[in-house]
Amino acid sequence: MANRAYNFNAGPAALPLEVLQQAQEEIVDYGGIGMSIMEISHRSKQYEQINDETQQLVKELLELPSGYKVLFLQGGASTQFAMVPMNLLAPGRKGAYVLSGSWADKAYKEAKLFGDTYAAAASKEEGPLNLPSLDEIQLPEDAAYLHITSNETIAGTQYTTFPQTGSVPLIGDMSSDILSHRFDASLFSLIYAGAQKNLGPSGVTLVIVREDLVKESPKTIPTMLRYDTYVKNNSLYNTPPVYSVYMMNLVLKWIQRNGGIDAMEKMNREKTALIYDAIDNSGGFYEGMAVKQDRSIMNITFKLQSDELEKKFIEESAANGFVGLKGHRSVGHLRASTYNAVPYESCKALADFMADFQRRNG
Ligand SMILES: *Cc1c(COP(=O)(O)O)cnc(C)c1O
């Protein structure tokens, strides 16, 4: 058995051991060609097969209805913050944003560079970290789209259901929770996700889009920042991030082999219950940072009652093989990211460590 850390990194994050091992096996000789997939043309039949199969896997796992295109882009989710308004925010219309936390704020700020924006709802600033509820969302009449961040990676808050927006396209940043739980993908006109949290390594950004939304992007947009470039060229306009797409392909097959999205959700709920229970049963020794109803099954944010204790927790957990438990610099405290590929055993070990740490320091 490989010597693997208890990896709770927020991103780039844990990958399934089986996937890493398969990649290791194939790295010098992919499918008997005597070369790795990194060393051949992206127009080879081997890569085209990976490109097409990976699109198909996304469609199957998310049960996408017809009319959607699956695209592979670069530049991370952060580039999507700009591409969405560049392509979809027409003059005279408003880009509406649900302001649920740091990532939503970044998307909103970027949209302001390109046109009019509208704050459709915002988290309450007082009290524990929280999400605006769906019924608080207000759409302006001239909305070009509504943008929502499904999982706020830094705060540890997550939507489980999404608004019906009628004729207004719904756009989702699902970078940190795509394929973590069942949701109705058909509500969305566009979904994007940087791969490095729940889908694979960094380098590729998954975009799922309704074809009718991106038939023709405005002519003034650079070629590489137009959705229609990727649609018309099957994500092969220029050299794609071949290895990252290959790795995503392996991760998606791993999800499929392990029972698909429902099995992922069940496992994620069981995994996070172990840690949330350790918090809730600690009599206030640990405190969750998000309101219970908005708690994420991907990122668990929590704190201890003093900076000294938190420092000690980080040091002792690190000495026991735990990695990535320091909270994001903007909110501080502690965070455990429990993406699909984080094994149940890691979460069990963390819950046990938390109980033991409390016994020794409570
Ligand atoms: C990590 C993250 C991003 C930024 O992703 P990059 O690929 O690094 O640009 C955007 N949104 C959310 C929700 C994230 O978790």
# chains A, B, ... in the order shown; residues from 1 in each chain; ligands from 1
call {"tool": "residues_near_ligand", "arguments": {"ligand": "ligand 1", "cutoff": "6 Å", "atoms": "only C-alpha atoms and all ligand atoms", "output": "list of chain:residue names"}}
result
A:Gly76, A:Ala77, A:Ser78, A:Trp103, A:Asn151, A:Glu152, A:Thr153, A:Asp173, A:Met174, A:Ser175, A:Ser176, A:Gly194
call {"tool": "residues_around", "arguments": {"residues": "Met83 (chain A)", "least_positions_apart": "4", "cutoff": "9 Å", "atoms": "only C-alpha atoms", "output": "mmCIF file with all heavy atoms, in the first residue's frame"}}
result
data_model
loop_
_atom_site.group_PDB
_atom_site.id
_atom_site.type_symbol
_atom_site.label_atom_id
_atom_site.label_comp_id
_atom_site.auth_asym_id
_atom_site.auth_seq_id
_atom_site.Cartn_x
_atom_site.Cartn_y
_atom_site.Cartn_z
ATOM 1 N N THR A 79 -10.912 32.511 -15.308
ATOM 2 C CA THR A 79 -11.101 33.036 -16.661
ATOM 3 C C THR A 79 -12.581 33.008 -17.054
ATOM 4 O O THR A 79 -13.061 33.859 -17.797
ATOM 5 C CB THR A 79 -10.225 32.251 -17.663
ATOM 6 O OG1 THR A 79 -8.861 32.448 -17.290
ATOM 7 C CG2 THR A 79 -10.406 32.734 -19.090
ATOM 8 N N ASN A 87 -19.113 37.054 -23.201
ATOM 9 C CA ASN A 87 -19.914 36.367 -24.203
ATOM 10 C C ASN A 87 -21.413 36.592 -24.036
ATOM 11 O O ASN A 87 -22.154 36.517 -25.011
ATOM 12 C CB ASN A 87 -19.643 34.857 -24.156
ATOM 13 C CG ASN A 87 -18.322 34.471 -24.795
ATOM 14 O OD1 ASN A 87 -18.267 34.138 -25.965
ATOM 15 N ND2 ASN A 87 -17.238 34.551 -24.022
ATOM 16 N N LEU A 88 -21.863 36.820 -22.811
ATOM 17 C CA LEU A 88 -23.304 36.735 -22.558
ATOM 18 C C LEU A 88 -23.951 37.995 -21.998
ATOM 19 O O LEU A 88 -25.168 38.049 -21.857
ATOM 20 C CB LEU A 88 -23.592 35.556 -21.600
ATOM 21 C CG LEU A 88 -23.064 34.202 -22.071
ATOM 22 C CD1 LEU A 88 -23.243 33.154 -20.982
ATOM 23 C CD2 LEU A 88 -23.771 33.763 -23.351
ATOM 24 N N ALA A 111 -17.318 40.808 -13.770
ATOM 25 C CA ALA A 111 -18.399 41.166 -14.703
ATOM 26 C C ALA A 111 -18.539 42.678 -14.829
ATOM 27 O O ALA A 111 -18.891 43.194 -15.897
ATOM 28 C CB ALA A 111 -19.721 40.547 -14.233
ATOM 29 N N LEU A 225 -11.327 33.408 -26.306
ATOM 30 C CA LEU A 225 -12.234 33.716 -25.194
ATOM 31 C C LEU A 225 -13.695 33.632 -25.627
ATOM 32 O O LEU A 225 -14.579 34.074 -24.907
ATOM 33 C CB LEU A 225 -11.905 35.110 -24.626
ATOM 34 C CG LEU A 225 -10.488 35.238 -24.050
ATOM 35 C CD1 LEU A 225 -10.211 36.672 -23.609
ATOM 36 C CD2 LEU A 225 -10.279 34.287 -22.870
ATOM 37 N N ARG A 226 -13.921 33.054 -26.809
ATOM 38 C CA ARG A 226 -15.292 32.903 -27.317
ATOM 39 C C ARG A 226 -15.735 31.465 -27.115
ATOM 40 O O ARG A 226 -15.046 30.541 -27.513
ATOM 41 C CB ARG A 226 -15.323 33.201 -28.818
ATOM 42 C CG ARG A 226 -14.745 34.528 -29.236
ATOM 43 C CD ARG A 226 -14.393 34.502 -30.728
ATOM 44 N NE ARG A 226 -15.585 34.256 -31.516
ATOM 45 C CZ ARG A 226 -16.288 35.213 -32.110
ATOM 46 N NH1 ARG A 226 -15.881 36.452 -32.044
ATOM 47 N NH2 ARG A 226 -17.370 34.922 -32.784
ATOM 48 N N TYR A 227 -16.906 31.293 -26.554
ATOM 49 C CA TYR A 227 -17.413 29.920 -26.387
ATOM 50 C C TYR A 227 -17.612 29.232 -27.734
ATOM 51 O O TYR A 227 -17.371 28.041 -27.878
ATOM 52 C CB TYR A 227 -18.735 29.915 -25.609
ATOM 53 C CG TYR A 227 -18.566 30.242 -24.149
ATOM 54 C CD1 TYR A 227 -19.168 31.373 -23.589
ATOM 55 C CD2 TYR A 227 -17.815 29.419 -23.307
ATOM 56 C CE1 TYR A 227 -19.017 31.677 -22.246
ATOM 57 C CE2 TYR A 227 -17.653 29.721 -21.963
ATOM 58 C CZ TYR A 227 -18.263 30.850 -21.438
ATOM 59 O OH TYR A 227 -18.106 31.151 -20.114
#
call {"tool": "residues_around", "arguments": {"residues": "region 244-248 of chain A", "least_positions_apart": "6", "cutoff": "10 Å", "atoms": "only C-alpha atoms", "output": "PDB file with all heavy atoms, in the first residue's frame"}}
result
ATOM      1  N   LEU A  15      -6.531  13.145  -5.317  1.00  0.00           N
ATOM      2  CA  LEU A  15      -7.019  12.370  -6.460  1.00  0.00           C
ATOM      3  C   LEU A  15      -7.135  10.914  -6.016  1.00  0.00           C
ATOM      4  O   LEU A  15      -6.417  10.488  -5.105  1.00  0.00           O
ATOM      5  CB  LEU A  15      -6.041  12.488  -7.635  1.00  0.00           C
ATOM      6  CG  LEU A  15      -6.019  13.867  -8.321  1.00  0.00           C
ATOM      7  CD1 LEU A  15      -4.768  14.045  -9.173  1.00  0.00           C
ATOM      8  CD2 LEU A  15      -7.274  14.046  -9.159  1.00  0.00           C
ATOM      9  N   VAL A  19      -6.605   6.021  -9.634  1.00  0.00           N
ATOM     10  CA  VAL A  19      -6.391   6.852 -10.821  1.00  0.00           C
ATOM     11  C   VAL A  19      -4.912   7.176 -10.970  1.00  0.00           C
ATOM     12  O   VAL A  19      -4.335   7.068 -12.055  1.00  0.00           O
ATOM     13  CB  VAL A  19      -7.241   8.141 -10.727  1.00  0.00           C
ATOM     14  CG1 VAL A  19      -6.786   9.169 -11.760  1.00  0.00           C
ATOM     15  CG2 VAL A  19      -8.718   7.821 -10.905  1.00  0.00           C
ATOM     16  N   LEU A  20      -4.280   7.545  -9.864  1.00  0.00           N
ATOM     17  CA  LEU A  20      -2.850   7.866  -9.912  1.00  0.00           C
ATOM     18  C   LEU A  20      -2.041   6.646 -10.346  1.00  0.00           C
ATOM     19  O   LEU A  20      -1.090   6.758 -11.123  1.00  0.00           O
ATOM     20  CB  LEU A  20      -2.379   8.365  -8.540  1.00  0.00           C
ATOM     21  CG  LEU A  20      -2.971   9.701  -8.094  1.00  0.00           C
ATOM     22  CD1 LEU A  20      -2.614   9.983  -6.637  1.00  0.00           C
ATOM     23  CD2 LEU A  20      -2.495  10.844  -8.982  1.00  0.00           C
ATOM     24  N   GLN A  22      -3.097   4.113 -12.184  1.00  0.00           N
ATOM     25  CA  GLN A  22      -3.290   3.830 -13.619  1.00  0.00           C
ATOM     26  C   GLN A  22      -2.476   4.811 -14.473  1.00  0.00           C
ATOM     27  O   GLN A  22      -1.834   4.422 -15.453  1.00  0.00           O
ATOM     28  CB  GLN A  22      -4.773   3.907 -14.003  1.00  0.00           C
ATOM     29  CG  GLN A  22      -4.980   3.506 -15.465  1.00  0.00           C
ATOM     30  CD  GLN A  22      -6.442   3.501 -15.890  1.00  0.00           C
ATOM     31  OE1 GLN A  22      -7.344   3.557 -15.045  1.00  0.00           O
ATOM     32  NE2 GLN A  22      -6.670   3.456 -17.189  1.00  0.00           N
ATOM     33  N   ALA A  23      -2.490   6.078 -14.059  1.00  0.00           N
ATOM     34  CA  ALA A  23      -1.726   7.089 -14.797  1.00  0.00           C
ATOM     35  C   ALA A  23      -0.241   6.744 -14.763  1.00  0.00           C
ATOM     36  O   ALA A  23       0.479   6.886 -15.760  1.00  0.00           O
ATOM     37  CB  ALA A  23      -1.977   8.466 -14.209  1.00  0.00           C
ATOM     38  N   ILE A  37       0.527   9.824 -23.517  1.00  0.00           N
ATOM     39  CA  ILE A  37      -0.496  10.648 -24.173  1.00  0.00           C
ATOM     40  C   ILE A  37      -0.023  12.102 -24.300  1.00  0.00           C
ATOM     41  O   ILE A  37      -0.500  12.850 -25.145  1.00  0.00           O
ATOM     42  CB  ILE A  37      -1.849  10.525 -23.412  1.00  0.00           C
ATOM     43  CG1 ILE A  37      -3.021  11.058 -24.250  1.00  0.00           C
ATOM     44  CG2 ILE A  37      -1.807  11.226 -22.064  1.00  0.00           C
ATOM     45  CD1 ILE A  37      -3.393  10.212 -25.424  1.00  0.00           C
ATOM     46  N   MET A  38       0.957  12.483 -23.477  1.00  0.00           N
ATOM     47  CA  MET A  38       1.492  13.856 -23.528  1.00  0.00           C
ATOM     48  C   MET A  38       2.387  14.088 -24.732  1.00  0.00           C
ATOM     49  O   MET A  38       2.744  15.214 -25.032  1.00  0.00           O
ATOM     50  CB  MET A  38       2.335  14.149 -22.275  1.00  0.00           C
ATOM     51  CG  MET A  38       1.531  14.421 -21.052  1.00  0.00           C
ATOM     52  SD  MET A  38       2.620  14.759 -19.652  1.00  0.00           S
ATOM     53  CE  MET A  38       3.099  13.105 -19.157  1.00  0.00           C
ATOM     54  N   TYR A  47      -5.981  10.685 -28.729  1.00  0.00           N
ATOM     55  CA  TYR A  47      -6.471  11.819 -27.951  1.00  0.00           C
ATOM     56  C   TYR A  47      -7.910  12.151 -28.316  1.00  0.00           C
ATOM     57  O   TYR A  47      -8.716  12.477 -27.448  1.00  0.00           O
ATOM     58  CB  TYR A  47      -5.594  13.083 -28.075  1.00  0.00           C
ATOM     59  CG  TYR A  47      -6.181  14.140 -27.164  1.00  0.00           C
ATOM     60  CD1 TYR A  47      -6.086  13.992 -25.774  1.00  0.00           C
ATOM     61  CD2 TYR A  47      -6.943  15.195 -27.660  1.00  0.00           C
ATOM     62  CE1 TYR A  47      -6.705  14.887 -24.914  1.00  0.00           C
ATOM     63  CE2 TYR A  47      -7.566  16.089 -26.804  1.00  0.00           C
ATOM     64  CZ  TYR A  47      -7.443  15.937 -25.431  1.00  0.00           C
ATOM     65  OH  TYR A  47      -8.073  16.804 -24.580  1.00  0.00           O
ATOM     66  N   ILE A  50     -10.115  10.147 -26.220  1.00  0.00           N
ATOM     67  CA  ILE A  50     -10.194  10.656 -24.843  1.00  0.00           C
ATOM     68  C   ILE A  50     -11.098  11.887 -24.786  1.00  0.00           C
ATOM     69  O   ILE A  50     -11.968  12.013 -23.917  1.00  0.00           O
ATOM     70  CB  ILE A  50      -8.780  10.985 -24.302  1.00  0.00           C
ATOM     71  CG1 ILE A  50      -7.990   9.696 -24.061  1.00  0.00           C
ATOM     72  CG2 ILE A  50      -8.863  11.808 -23.008  1.00  0.00           C
ATOM     73  CD1 ILE A  50      -6.539   9.910 -23.669  1.00  0.00           C
ATOM     74  N   ASN A  51     -10.918  12.786 -25.737  1.00  0.00           N
ATOM     75  CA  ASN A  51     -11.718  14.014 -25.816  1.00  0.00           C
ATOM     76  C   ASN A  51     -13.217  13.672 -25.897  1.00  0.00           C
ATOM     77  O   ASN A  51     -14.031  14.183 -25.120  1.00  0.00           O
ATOM     78  CB  ASN A  51     -11.254  14.810 -27.051  1.00  0.00           C
ATOM     79  CG  ASN A  51     -11.892  16.187 -27.148  1.00  0.00           C
ATOM     80  OD1 ASN A  51     -12.181  16.823 -26.140  1.00  0.00           O
ATOM     81  ND2 ASN A  51     -12.123  16.653 -28.367  1.00  0.00           N
ATOM     82  N   GLU A  53     -14.755  10.695 -25.361  1.00  0.00           N
ATOM     83  CA  GLU A  53     -15.228   9.843 -24.263  1.00  0.00           C
ATOM     84  C   GLU A  53     -15.428  10.659 -22.983  1.00  0.00           C
ATOM     85  O   GLU A  53     -16.389  10.433 -22.242  1.00  0.00           O
ATOM     86  CB  GLU A  53     -14.220   8.719 -24.024  1.00  0.00           C
ATOM     87  CG  GLU A  53     -14.676   7.692 -23.012  1.00  0.00           C
ATOM     88  CD  GLU A  53     -13.586   6.653 -22.764  1.00  0.00           C
ATOM     89  OE1 GLU A  53     -12.517   7.013 -22.211  1.00  0.00           O
ATOM     90  OE2 GLU A  53     -13.804   5.500 -23.136  1.00  0.00           O
ATOM     91  N   THR A  54     -14.539  11.618 -22.736  1.00  0.00           N
ATOM     92  CA  THR A  54     -14.657  12.424 -21.523  1.00  0.00           C
ATOM     93  C   THR A  54     -15.923  13.278 -21.583  1.00  0.00           C
ATOM     94  O   THR A  54     -16.639  13.430 -20.581  1.00  0.00           O
ATOM     95  CB  THR A  54     -13.389  13.292 -21.333  1.00  0.00           C
ATOM     96  OG1 THR A  54     -12.249  12.439 -21.466  1.00  0.00           O
ATOM     97  CG2 THR A  54     -13.353  13.932 -19.959  1.00  0.00           C
ATOM     98  N   GLN A  55     -16.222  13.819 -22.750  1.00  0.00           N
ATOM     99  CA  GLN A  55     -17.477  14.578 -22.913  1.00  0.00           C
ATOM    100  C   GLN A  55     -18.674  13.680 -22.614  1.00  0.00           C
ATOM    101  O   GLN A  55     -19.617  14.067 -21.914  1.00  0.00           O
ATOM    102  CB  GLN A  55     -17.604  15.102 -24.336  1.00  0.00           C
ATOM    103  CG  GLN A  55     -16.560  16.142 -24.708  1.00  0.00           C
ATOM    104  CD  GLN A  55     -16.593  16.475 -26.192  1.00  0.00           C
ATOM    105  OE1 GLN A  55     -17.629  16.388 -26.843  1.00  0.00           O
ATOM    106  NE2 GLN A  55     -15.457  16.849 -26.738  1.00  0.00           N
ATOM    107  N   LEU A  57     -18.778  10.959 -20.808  1.00  0.00           N
ATOM    108  CA  LEU A  57     -18.830  10.611 -19.378  1.00  0.00           C
ATOM    109  C   LEU A  57     -19.488  11.733 -18.568  1.00  0.00           C
ATOM    110  O   LEU A  57     -20.296  11.473 -17.675  1.00  0.00           O
ATOM    111  CB  LEU A  57     -17.416  10.343 -18.846  1.00  0.00           C
ATOM    112  CG  LEU A  57     -16.802   8.989 -19.218  1.00  0.00           C
ATOM    113  CD1 LEU A  57     -15.282   9.026 -19.045  1.00  0.00           C
ATOM    114  CD2 LEU A  57     -17.398   7.865 -18.361  1.00  0.00           C
ATOM    115  N   VAL A  58     -19.141  12.974 -18.888  1.00  0.00           N
ATOM    116  CA  VAL A  58     -19.754  14.111 -18.186  1.00  0.00           C
ATOM    117  C   VAL A  58     -21.263  14.092 -18.418  1.00  0.00           C
ATOM    118  O   VAL A  58     -22.063  14.237 -17.481  1.00  0.00           O
ATOM    119  CB  VAL A  58     -19.141  15.453 -18.659  1.00  0.00           C
ATOM    120  CG1 VAL A  58     -19.929  16.636 -18.125  1.00  0.00           C
ATOM    121  CG2 VAL A  58     -17.680  15.556 -18.239  1.00  0.00           C
ATOM    122  N   PHE A  72     -13.737  21.759 -23.059  1.00  0.00           N
ATOM    123  CA  PHE A  72     -12.540  21.800 -22.216  1.00  0.00           C
ATOM    124  C   PHE A  72     -11.742  23.053 -22.538  1.00  0.00           C
ATOM    125  O   PHE A  72     -11.263  23.217 -23.660  1.00  0.00           O
ATOM    126  CB  PHE A  72     -11.691  20.550 -22.440  1.00  0.00           C
ATOM    127  CG  PHE A  72     -12.475  19.276 -22.229  1.00  0.00           C
ATOM    128  CD1 PHE A  72     -12.603  18.350 -23.256  1.00  0.00           C
ATOM    129  CD2 PHE A  72     -13.118  19.029 -21.024  1.00  0.00           C
ATOM    130  CE1 PHE A  72     -13.350  17.190 -23.073  1.00  0.00           C
ATOM    131  CE2 PHE A  72     -13.869  17.878 -20.834  1.00  0.00           C
ATOM    132  CZ  PHE A  72     -13.985  16.952 -21.864  1.00  0.00           C
ATOM    133  N   LEU A  73     -11.624  23.919 -21.554  1.00  0.00           N
ATOM    134  CA  LEU A  73     -10.938  25.197 -21.728  1.00  0.00           C
ATOM    135  C   LEU A  73      -9.746  25.276 -20.785  1.00  0.00           C
ATOM    136  O   LEU A  73      -9.540  24.390 -19.954  1.00  0.00           O
ATOM    137  CB  LEU A  73     -11.905  26.355 -21.437  1.00  0.00           C
ATOM    138  CG  LEU A  73     -12.864  26.767 -22.574  1.00  0.00           C
ATOM    139  CD1 LEU A  73     -13.860  25.673 -22.914  1.00  0.00           C
ATOM    140  CD2 LEU A  73     -13.609  28.033 -22.178  1.00  0.00           C
ATOM    141  N   ALA A 195     -10.908  22.140 -12.765  1.00  0.00           N
ATOM    142  CA  ALA A 195     -10.916  20.703 -12.473  1.00  0.00           C
ATOM    143  C   ALA A 195     -10.281  20.324 -11.140  1.00  0.00           C
ATOM    144  O   ALA A 195     -10.583  19.265 -10.588  1.00  0.00           O
ATOM    145  CB  ALA A 195     -10.194  19.963 -13.590  1.00  0.00           C
ATOM    146  N   GLN A 196      -9.446  21.197 -10.600  1.00  0.00           N
ATOM    147  CA  GLN A 196      -8.511  20.756  -9.553  1.00  0.00           C
ATOM    148  C   GLN A 196      -9.097  20.526  -8.166  1.00  0.00           C
ATOM    149  O   GLN A 196      -8.357  20.235  -7.233  1.00  0.00           O
ATOM    150  CB  GLN A 196      -7.332  21.733  -9.476  1.00  0.00           C
ATOM    151  CG  GLN A 196      -7.685  23.128  -8.973  1.00  0.00           C
ATOM    152  CD  GLN A 196      -8.184  24.067 -10.054  1.00  0.00           C
ATOM    153  OE1 GLN A 196      -8.550  23.647 -11.129  1.00  0.00           O
ATOM    154  NE2 GLN A 196      -8.226  25.354  -9.772  1.00  0.00           N
ATOM    155  N   ASN A 198     -12.543  18.748  -7.737  1.00  0.00           N
ATOM    156  CA  ASN A 198     -13.313  17.502  -7.687  1.00  0.00           C
ATOM    157  C   ASN A 198     -13.231  16.667  -8.956  1.00  0.00           C
ATOM    158  O   ASN A 198     -13.896  15.632  -9.047  1.00  0.00           O
ATOM    159  CB  ASN A 198     -14.781  17.841  -7.406  1.00  0.00           C
ATOM    160  CG  ASN A 198     -15.417  16.890  -6.416  1.00  0.00           C
ATOM    161  OD1 ASN A 198     -14.724  16.190  -5.672  1.00  0.00           O
ATOM    162  ND2 ASN A 198     -16.724  16.818  -6.421  1.00  0.00           N
ATOM    163  N   LEU A 199     -12.428  17.087  -9.940  1.00  0.00           N
ATOM    164  CA  LEU A 199     -12.475  16.407 -11.244  1.00  0.00           C
ATOM    165  C   LEU A 199     -11.135  15.887 -11.732  1.00  0.00           C
ATOM    166  O   LEU A 199     -11.101  15.031 -12.616  1.00  0.00           O
ATOM    167  CB  LEU A 199     -12.997  17.377 -12.311  1.00  0.00           C
ATOM    168  CG  LEU A 199     -14.458  17.809 -12.252  1.00  0.00           C
ATOM    169  CD1 LEU A 199     -14.698  18.900 -13.292  1.00  0.00           C
ATOM    170  CD2 LEU A 199     -15.387  16.637 -12.487  1.00  0.00           C
ATOM    171  N   GLY A 200     -10.044  16.419 -11.207  1.00  0.00           N
ATOM    172  CA  GLY A 200      -8.748  16.020 -11.752  1.00  0.00           C
ATOM    173  C   GLY A 200      -7.677  17.006 -11.351  1.00  0.00           C
ATOM    174  O   GLY A 200      -7.827  17.712 -10.359  1.00  0.00           O
ATOM    175  N   PRO A 201      -6.617  17.099 -12.143  1.00  0.00           N
ATOM    176  CA  PRO A 201      -5.571  18.080 -11.829  1.00  0.00           C
ATOM    177  C   PRO A 201      -5.941  19.446 -12.390  1.00  0.00           C
ATOM    178  O   PRO A 201      -6.878  19.586 -13.172  1.00  0.00           O
ATOM    179  CB  PRO A 201      -4.349  17.516 -12.548  1.00  0.00           C
ATOM    180  CG  PRO A 201      -4.900  16.736 -13.684  1.00  0.00           C
ATOM    181  CD  PRO A 201      -6.299  16.289 -13.308  1.00  0.00           C
ATOM    182  N   SER A 202      -5.200  20.470 -12.036  1.00  0.00           N
ATOM    183  CA  SER A 202      -5.424  21.798 -12.608  1.00  0.00           C
ATOM    184  C   SER A 202      -5.018  21.776 -14.078  1.00  0.00           C
ATOM    185  O   SER A 202      -4.375  20.847 -14.552  1.00  0.00           O
ATOM    186  CB  SER A 202      -4.621  22.838 -11.850  1.00  0.00           C
ATOM    187  OG  SER A 202      -3.245  22.555 -11.975  1.00  0.00           O
ATOM    188  N   GLY A 203      -5.415  22.816 -14.786  1.00  0.00           N
ATOM    189  CA  GLY A 203      -5.019  22.926 -16.187  1.00  0.00           C
ATOM    190  C   GLY A 203      -6.183  22.867 -17.145  1.00  0.00           C
ATOM    191  O   GLY A 203      -6.116  23.406 -18.241  1.00  0.00           O
ATOM    192  N   VAL A 204      -7.255  22.199 -16.744  1.00  0.00           N
ATOM    193  CA  VAL A 204      -8.446  22.158 -17.603  1.00  0.00           C
ATOM    194  C   VAL A 204      -9.634  22.722 -16.828  1.00  0.00           C
ATOM    195  O   VAL A 204      -9.749  22.529 -15.624  1.00  0.00           O
ATOM    196  CB  VAL A 204      -8.737  20.725 -18.128  1.00  0.00           C
ATOM    197  CG1 VAL A 204      -8.963  19.730 -17.008  1.00  0.00           C
ATOM    198  CG2 VAL A 204      -9.943  20.734 -19.084  1.00  0.00           C
ATOM    199  N   THR A 205     -10.463  23.448 -17.545  1.00  0.00           N
ATOM    200  CA  THR A 205     -11.708  23.960 -16.980  1.00  0.00           C
ATOM    201  C   THR A 205     -12.855  23.331 -17.755  1.00  0.00           C
ATOM    202  O   THR A 205     -12.906  23.429 -18.986  1.00  0.00           O
ATOM    203  CB  THR A 205     -11.796  25.487 -17.134  1.00  0.00           C
ATOM    204  OG1 THR A 205     -10.579  26.060 -16.661  1.00  0.00           O
ATOM    205  CG2 THR A 205     -12.967  26.043 -16.342  1.00  0.00           C
ATOM    206  N   LEU A 206     -13.736  22.677 -17.039  1.00  0.00           N
ATOM    207  CA  LEU A 206     -14.896  22.066 -17.679  1.00  0.00           C
ATOM    208  C   LEU A 206     -15.980  23.126 -17.861  1.00  0.00           C
ATOM    209  O   LEU A 206     -16.298  23.861 -16.924  1.00  0.00           O
ATOM    210  CB  LEU A 206     -15.417  20.937 -16.766  1.00  0.00           C
ATOM    211  CG  LEU A 206     -16.698  20.243 -17.204  1.00  0.00           C
ATOM    212  CD1 LEU A 206     -16.488  19.445 -18.487  1.00  0.00           C
ATOM    213  CD2 LEU A 206     -17.201  19.318 -16.095  1.00  0.00           C
ATOM    214  N   TRP A 254     -13.578   6.482 -12.717  1.00  0.00           N
ATOM    215  CA  TRP A 254     -13.527   6.036 -11.314  1.00  0.00           C
ATOM    216  C   TRP A 254     -14.870   6.324 -10.628  1.00  0.00           C
ATOM    217  O   TRP A 254     -15.400   5.477  -9.901  1.00  0.00           O
ATOM    218  CB  TRP A 254     -12.374   6.746 -10.599  1.00  0.00           C
ATOM    219  CG  TRP A 254     -12.292   6.517  -9.122  1.00  0.00           C
ATOM    220  CD1 TRP A 254     -11.708   5.446  -8.488  1.00  0.00           C
ATOM    221  CD2 TRP A 254     -12.820   7.369  -8.088  1.00  0.00           C
ATOM    222  NE1 TRP A 254     -11.844   5.592  -7.125  1.00  0.00           N
ATOM    223  CE2 TRP A 254     -12.524   6.758  -6.848  1.00  0.00           C
ATOM    224  CE3 TRP A 254     -13.520   8.578  -8.088  1.00  0.00           C
ATOM    225  CZ2 TRP A 254     -12.891   7.312  -5.623  1.00  0.00           C
ATOM    226  CZ3 TRP A 254     -13.887   9.141  -6.869  1.00  0.00           C
ATOM    227  CH2 TRP A 254     -13.583   8.504  -5.661  1.00  0.00           C
TER     228      TRP A 254
END
call {"tool": "select_by_dssp", "arguments": {"residues": "region 124-245 of chain A", "states": "helix (DSSP H, G or I)", "output": "list in words"}}
result
Leu134, Asp135, Glu136, Ala185, Ser186, Leu187, Glu211, Asp212, Leu213, Val214, Thr223, Met224, Leu225, Tyr227, Asp228, Thr229, Tyr230, Val231, Lys232, Val242, Tyr243, Ser244 and Val245 of chain A
call {"tool": "closest_residue", "arguments": {"among": "A:Ile297, A:Leu252, A:Ala318, A:Leu190", "to": "Thr338 (chain A)", "atoms": "only C-alpha atoms"}}
result
A:Ile297
call {"tool": "residues_around", "arguments": {"residues": "region 304-311 of chain A", "least_positions_apart": "2", "cutoff": "6 Å", "atoms": "only C-alpha atoms", "output": "list in words"}}
result
Tyr286, Phe313 and Ile314 of chain A
call {"tool": "residues_around", "arguments": {"residues": "region 339-341 of chain A", "least_positions_apart": "5", "cutoff": "7 Å", "atoms": "only C-alpha atoms", "output": "mmCIF file with N, CA and C atoms, in the first residue's frame"}}
result
data_model
loop_
_atom_site.group_PDB
_atom_site.id
_atom_site.type_symbol
_atom_site.label_atom_id
_atom_site.label_comp_id
_atom_site.auth_asym_id
_atom_site.auth_seq_id
_atom_site.Cartn_x
_atom_site.Cartn_y
_atom_site.Cartn_z
ATOM 1 N N ALA A 14 -6.907 16.112 -3.356
ATOM 2 C CA ALA A 14 -6.681 14.667 -3.461
ATOM 3 C C ALA A 14 -7.247 14.101 -4.766
ATOM 4 N N LEU A 15 -6.531 13.145 -5.317
ATOM 5 C CA LEU A 15 -7.019 12.370 -6.460
ATOM 6 C C LEU A 15 -7.135 10.914 -6.016
ATOM 7 N N PRO A 16 -8.015 10.146 -6.649
ATOM 8 C CA PRO A 16 -8.146 8.743 -6.231
ATOM 9 C C PRO A 16 -6.847 7.974 -6.469
ATOM 10 N N SER A 180 -20.580 16.057 -6.810
ATOM 11 C CA SER A 180 -20.534 15.643 -5.399
ATOM 12 C C SER A 180 -21.910 15.237 -4.894
ATOM 13 N N LYS A 197 -10.418 20.649 -8.006
ATOM 14 C CA LYS A 197 -11.021 20.312 -6.714
ATOM 15 C C LYS A 197 -11.651 18.926 -6.765
ATOM 16 N N ASN A 198 -12.543 18.748 -7.737
ATOM 17 C CA ASN A 198 -13.313 17.502 -7.687
ATOM 18 C C ASN A 198 -13.231 16.667 -8.956
ATOM 19 N N MET A 264 -21.496 8.845 -4.859
ATOM 20 C CA MET A 264 -20.584 9.907 -4.383
ATOM 21 C C MET A 264 -21.274 10.702 -3.272
ATOM 22 N N ASN A 268 -20.080 11.054 0.457
ATOM 23 C CA ASN A 268 -19.709 12.391 0.951
ATOM 24 C C ASN A 268 -20.498 12.743 2.214
ATOM 25 N N MET A 298 -18.348 19.415 0.995
ATOM 26 C CA MET A 298 -17.041 19.450 0.327
ATOM 27 C C MET A 298 -15.980 20.165 1.166
#
call {"tool": "atom_distance", "arguments": {"atom1": "CA of His147 (chain A)", "atom2": "CA of Val242 (chain A)"}}
result
28.9 Å
